[in-house]
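Below is input_28.txt, which holds compact mmCIF, C-alpha atoms and all ligand atoms.
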# COMPACT_ATOMS: atom_id res chain seq x y z
CA MET A 3 0.00 0.00 0.00
CA THR A 4 1.24 3.47 -0.80
CA ARG A 5 0.12 6.65 0.90
CA LEU A 6 0.38 10.00 -0.84
CA SER A 7 3.10 12.41 0.27
CA ASP A 8 1.74 15.45 2.15
CA ARG A 9 2.42 17.63 -0.88
CA GLU A 10 0.53 15.40 -3.27
CA TYR A 11 -2.30 14.93 -0.77
CA ARG A 12 -2.79 18.70 -0.68
CA ALA A 13 -2.61 18.97 -4.48
CA MET A 14 -5.08 16.10 -4.98
CA ASN A 15 -7.59 17.77 -2.69
CA SER A 16 -7.23 21.25 -4.15
CA GLY A 17 -9.71 23.32 -6.15
CA LEU A 18 -7.40 23.05 -9.17
CA ARG A 19 -7.62 19.23 -9.09
CA ARG A 20 -11.42 19.38 -8.97
CA PHE A 21 -11.47 21.96 -11.77
CA LEU A 22 -9.31 19.74 -14.02
CA GLN A 23 -11.40 16.66 -13.31
CA ARG A 24 -14.68 18.46 -13.99
CA ARG A 25 -13.69 20.64 -16.92
CA TYR A 26 -11.10 18.53 -18.72
CA GLU A 27 -11.10 14.87 -17.69
CA PHE A 28 -14.86 14.21 -17.59
CA PRO A 29 -15.57 15.89 -20.95
CA LEU A 30 -12.68 13.83 -22.39
CA LEU A 31 -13.94 10.51 -21.05
CA ARG A 32 -17.40 11.31 -22.41
CA ARG A 33 -15.90 12.02 -25.83
CA MET A 34 -14.23 8.62 -25.57
CA GLY A 35 -17.68 7.05 -25.09
CA VAL A 36 -17.62 6.23 -21.37
CA THR A 37 -21.10 6.20 -19.77
CA PHE A 38 -22.17 5.53 -16.17
CA THR A 39 -25.99 5.48 -16.23
CA GLY A 40 -27.48 2.20 -14.99
CA LYS A 41 -24.08 0.59 -14.40
CA ASP A 42 -22.41 -1.00 -11.39
CA VAL A 43 -19.32 1.20 -11.12
CA LEU A 44 -16.12 0.59 -9.13
CA GLU A 45 -13.48 3.29 -8.73
CA ILE A 46 -10.08 2.26 -7.40
CA GLY A 47 -8.09 4.99 -5.62
CA CYS A 48 -11.23 7.11 -5.24
CA GLY A 49 -9.46 9.71 -3.09
CA SER A 50 -11.75 12.35 -1.61
CA GLY A 51 -14.73 11.27 -3.72
CA TYR A 52 -14.92 14.16 -6.15
CA ALA A 53 -15.08 11.82 -9.16
CA ALA A 54 -17.78 9.88 -7.30
CA HIS A 55 -19.79 13.11 -7.05
CA LEU A 56 -19.46 13.64 -10.83
CA ILE A 57 -20.26 9.99 -11.64
CA LEU A 58 -23.37 9.97 -9.43
CA LEU A 59 -24.82 12.88 -11.41
CA ASP A 60 -25.24 10.29 -14.21
CA ALA A 61 -27.29 7.89 -12.04
CA PRO A 62 -25.23 4.68 -12.06
CA LYS A 63 -26.98 1.58 -10.66
CA SER A 64 -24.36 1.47 -7.90
CA TYR A 65 -21.01 3.04 -7.07
CA VAL A 66 -18.21 1.67 -4.86
CA GLY A 67 -14.98 3.57 -4.28
CA VAL A 68 -11.92 2.01 -2.63
CA ASP A 69 -8.80 3.67 -1.29
CA VAL A 70 -6.00 2.87 1.15
CA MET A 71 -5.95 6.24 2.95
CA PRO A 72 -8.57 6.51 5.73
CA GLU A 73 -8.40 10.32 5.63
CA GLN A 74 -9.32 10.31 1.93
CA LEU A 75 -12.26 8.02 2.63
CA ALA A 76 -13.39 10.28 5.50
CA LEU A 77 -13.50 13.23 3.06
CA ALA A 78 -15.41 11.11 0.54
CA ARG A 79 -17.99 9.95 3.10
CA ARG A 80 -18.53 13.52 4.25
CA ARG A 81 -20.01 14.30 0.82
CA GLY A 82 -23.16 12.36 1.78
CA LEU A 83 -23.41 10.63 -1.59
CA ALA A 84 -25.47 7.52 -2.33
CA ALA A 85 -22.19 5.63 -2.63
CA GLU A 86 -20.09 3.15 -0.71
CA PHE A 87 -16.50 3.98 0.20
CA ARG A 88 -14.30 1.12 1.42
CA LEU A 89 -10.79 0.90 2.87
CA GLU A 90 -9.31 -1.61 0.48
CA ASP A 91 -6.16 -2.17 -1.55
CA ALA A 92 -6.62 -2.21 -5.32
CA THR A 93 -4.30 -5.22 -5.56
CA HIS A 94 -6.65 -7.28 -3.37
CA LEU A 95 -10.31 -6.31 -3.78
CA ALA A 96 -11.52 -8.83 -1.22
CA SER A 97 -14.98 -7.29 -0.86
CA VAL A 98 -15.73 -7.21 -4.59
CA PRO A 99 -17.00 -10.49 -6.08
CA SER A 100 -15.69 -11.70 -9.43
CA ALA A 101 -17.71 -10.64 -12.49
CA SER A 102 -19.89 -8.21 -10.50
CA ILE A 103 -18.95 -4.82 -12.02
CA ASP A 104 -19.87 -3.15 -15.34
CA LEU A 105 -17.28 -0.36 -15.31
CA VAL A 106 -14.01 0.16 -13.42
CA VAL A 107 -12.57 3.68 -13.37
CA VAL A 108 -8.96 4.51 -12.54
CA PHE A 109 -8.01 8.17 -12.17
CA GLY A 110 -4.27 8.15 -11.70
CA ILE A 111 -3.51 5.56 -9.03
CA LEU A 112 -1.57 2.70 -10.66
CA HIS A 113 1.65 4.76 -10.66
CA HIS A 114 1.46 4.62 -6.82
CA ILE A 115 1.40 0.85 -6.70
CA PRO A 116 4.60 -1.16 -7.19
CA GLU A 117 2.41 -4.24 -7.86
CA TRP A 118 0.27 -2.32 -10.40
CA ARG A 119 -0.01 -5.44 -12.56
CA GLY A 120 -1.84 -7.10 -9.67
CA ALA A 121 -4.30 -4.18 -9.60
CA VAL A 122 -4.93 -4.61 -13.35
CA ALA A 123 -5.60 -8.32 -12.74
CA GLU A 124 -8.07 -7.45 -9.98
CA CYS A 125 -9.89 -4.99 -12.26
CA ARG A 126 -10.17 -7.78 -14.85
CA ARG A 127 -11.41 -10.26 -12.24
CA VAL A 128 -14.25 -8.08 -10.94
CA LEU A 129 -15.55 -7.07 -14.38
CA ARG A 130 -18.44 -8.87 -16.02
CA PRO A 131 -17.93 -10.26 -19.53
CA GLY A 132 -18.20 -7.21 -21.80
CA GLY A 133 -17.46 -4.92 -18.83
CA GLU A 134 -15.39 -1.82 -19.38
CA ILE A 135 -12.39 -0.09 -17.87
CA TYR A 136 -11.38 3.57 -18.11
CA ILE A 137 -7.85 4.52 -17.05
CA GLU A 138 -5.92 7.77 -16.80
CA GLU A 139 -2.25 7.36 -15.93
CA PRO A 140 0.92 9.40 -16.37
CA ASP A 141 3.79 8.02 -18.43
CA GLY A 142 6.91 7.16 -16.40
CA GLY A 143 8.90 9.91 -18.13
CA ALA A 144 6.34 12.61 -17.33
CA LEU A 145 6.14 11.36 -13.75
CA GLY A 146 9.90 11.74 -13.27
CA TRP A 147 9.66 15.28 -14.59
CA PHE A 148 6.70 16.03 -12.30
CA ASP A 149 8.52 14.73 -9.25
CA SER A 150 11.64 16.72 -9.98
CA ILE A 151 9.57 19.93 -10.17
CA PHE A 152 6.89 19.41 -7.52
CA GLY A 153 8.65 16.93 -5.20
CA TRP A 154 5.61 14.67 -4.86
CA GLY A 155 7.82 11.66 -4.21
CA HIS A 156 6.09 8.89 -6.13
CA PRO A 157 7.58 5.45 -5.42
CA ARG A 158 10.18 4.82 -8.15
CA GLU A 159 9.44 1.10 -8.13
CA ALA A 160 5.86 1.86 -9.24
CA ARG A 161 6.92 3.93 -12.27
CA PHE A 162 6.06 2.44 -15.68
CA TRP A 163 5.87 3.44 -19.32
CA LEU A 164 2.40 3.67 -20.81
CA ARG A 165 3.36 1.09 -23.44
CA ALA A 166 3.97 -1.40 -20.60
CA LEU A 167 0.53 -0.62 -19.17
CA TYR A 168 -1.16 -1.10 -22.55
CA ALA A 169 0.70 -4.37 -23.11
CA GLU A 170 -0.40 -5.57 -19.66
CA LEU A 171 -4.02 -4.65 -20.37
CA GLU A 172 -3.95 -6.57 -23.62
CA SER A 173 -2.37 -9.66 -22.09
CA SER A 174 -4.89 -9.49 -19.22
CA GLY A 175 -7.73 -9.86 -21.72
CA PHE A 176 -8.77 -6.27 -22.44
CA GLU A 177 -9.70 -5.13 -25.92
CA GLN A 178 -8.86 -1.48 -26.52
CA LEU A 179 -11.87 0.68 -27.45
CA GLY A 180 -10.08 4.02 -27.46
CA ARG A 181 -6.87 5.68 -26.40
CA THR A 182 -5.43 9.16 -26.40
CA TRP A 183 -2.52 11.09 -24.90
CA ALA A 184 -2.11 14.62 -23.53
CA PHE A 185 0.39 16.42 -21.28
CA GLY A 186 2.28 13.22 -20.49
CA PHE A 187 -0.89 11.31 -19.51
CA GLY A 188 -2.50 8.37 -21.27
CA PHE A 189 -6.30 7.98 -21.40
CA TYR A 190 -7.51 4.46 -22.16
CA ARG A 191 -10.90 2.82 -22.59
CA GLY A 192 -11.11 -0.95 -22.87
CA ARG A 193 -13.51 -3.86 -22.61
CA THR A 194 -13.12 -7.42 -21.39
CA ALA A 195 -12.56 -9.37 -24.55
CA ARG A 196 -12.55 -12.96 -23.39
CA ALA A 197 -14.19 -15.12 -20.78
CA ALA A 198 -12.54 -14.44 -17.40
CA PRO A 199 -9.53 -16.65 -16.71
CA PRO A 200 -9.97 -19.02 -13.73
CA PHE A 201 -8.78 -17.34 -10.50
C1 LIG B 301 -2.97 10.53 -7.16
S1 LIG B 301 -4.26 10.15 -6.05
C2 LIG B 301 -5.68 10.27 -7.11
C3 LIG B 301 -6.94 10.45 -6.32
C4 LIG B 301 -8.19 10.60 -7.21
N1 LIG B 301 -8.41 9.39 -7.99
C5 LIG B 301 -8.04 11.79 -8.11
O1 LIG B 301 -8.00 11.61 -9.34
O2 LIG B 301 -8.00 12.91 -7.63
C6 LIG B 301 -4.08 8.39 -5.86
C7 LIG B 301 -5.06 7.77 -4.87
O3 LIG B 301 -4.86 6.36 -4.89
C8 LIG B 301 -4.85 5.88 -3.57
N2 LIG B 301 -4.06 4.64 -3.57
C9 LIG B 301 -2.70 4.50 -3.61
N3 LIG B 301 -2.37 3.20 -3.60
C10 LIG B 301 -3.53 2.51 -3.55
C11 LIG B 301 -3.85 1.12 -3.51
N4 LIG B 301 -2.90 0.19 -3.51
N5 LIG B 301 -5.16 0.77 -3.48
C12 LIG B 301 -6.14 1.70 -3.48
N6 LIG B 301 -5.90 3.03 -3.50
C13 LIG B 301 -4.62 3.42 -3.54
C14 LIG B 301 -4.23 7.02 -2.76
O4 LIG B 301 -4.55 6.92 -1.39
C15 LIG B 301 -4.86 8.23 -3.45
O5 LIG B 301 -6.10 8.59 -2.88
Could you render the structure as structure tokens?
Ligand SMILES: C[S@@+](CC[C@H](N)C(=O)[O-])C[C@H]1O[C@@H](n2cnc3c(N)ncnc32)[C@H](O)[C@@H]1O
Amino acid sequence: MTRLSDREYRAMNSGLRRFLQRRYEFPLLRRMGVTFTGKDVLEIGCGSGYAAHLILLDAPKSYVGVDVMPEQLALARRRGLAAEFRLEDATHLASVPSASIDLVVVFGILHHIPEWRGAVAECRRVLRPGGEIYIEEPDGGALGWFDSIFGWGHPREARFWLRALYAELESSGFEQLGRTWAFGFGFYRGRTARAAPPF
């Protein structure tokens, strides 16, 4: 499990972060065809629940957010949303049954997890056949640049190139539905392509 540094924690809970998520990231994911209405949605690394607030405006069937920082979950619960927030590690989603989720969303958390491949496998496990995943992640190069400027102190052992992430998604059984790149970040939409492997 990896906690955020104090600097990144403040940045992630700032008005600028919410502005970017609302005005840039959500319009982008909509242009990529991601929809929430009527779906069972899981967000890993849900942070303070701002994305949950935006997702719930679209009336999903259910929403569960997991995070490893209790203080993030406390902020999320304080929003009073019709949502469940759980203290859980994305590499071991013990409370989420296999093939129970329609859409998994990942807003920039895999680069905090040295065992990020395990988190991808868990996302695959919990998705129904035909379920979708939406991921935003920085490329390893951009992350190094970020850390040298802002001193956010991401764990080096969790740093990966986007091409490694996309290769992992493909070998885990995801079919790519769309992908784009901006400001050192990759934005990916995929769907489970095959029957789930036996776990
Ligand atoms: C960079 S923040 C992003 C927060 C939020 N998704 C956003 O876009 O503002 C990464 C979040 O992932 C959480 N996190 C880190 N490692 C995790 C893990 N192994 N399992 C679940 N959450 C994790 C952190 O506590 C933090 O809230």
Length of the CA of Arg193 in chain A to CA of Leu167 in chain A vector [Å]
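Computed distance, CA of Arg193 in chain A to CA of Leu167 in chain A, equals 14.8 Å.
The shortest atom-to-atom distance to Pro72 in chain A, with only C-alpha atoms taken into account, belongs to A:Gly47 out of A:Gly47, A:Gly155, A:Pro131, A:Gly192.
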Test item: residues no farther than 6 Å from ligand LIG 301 (chain B), counting only C-alpha atoms and all ligand atoms, as a count of residues only:
21
Rank A:Pro62, A:Pro157, A:Gly40, A:Gly51 by their smallest atom-to-atom distance to Ala76 in chain A, using all atoms listed in the file, and report the top residue only.
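Among the listed residues, A:Gly51 lies closest to Ala76 in chain A.
A straight line drawn from CA of Leu145 in chain A to CA of Tyr11 in chain A is 15.9 Å long.
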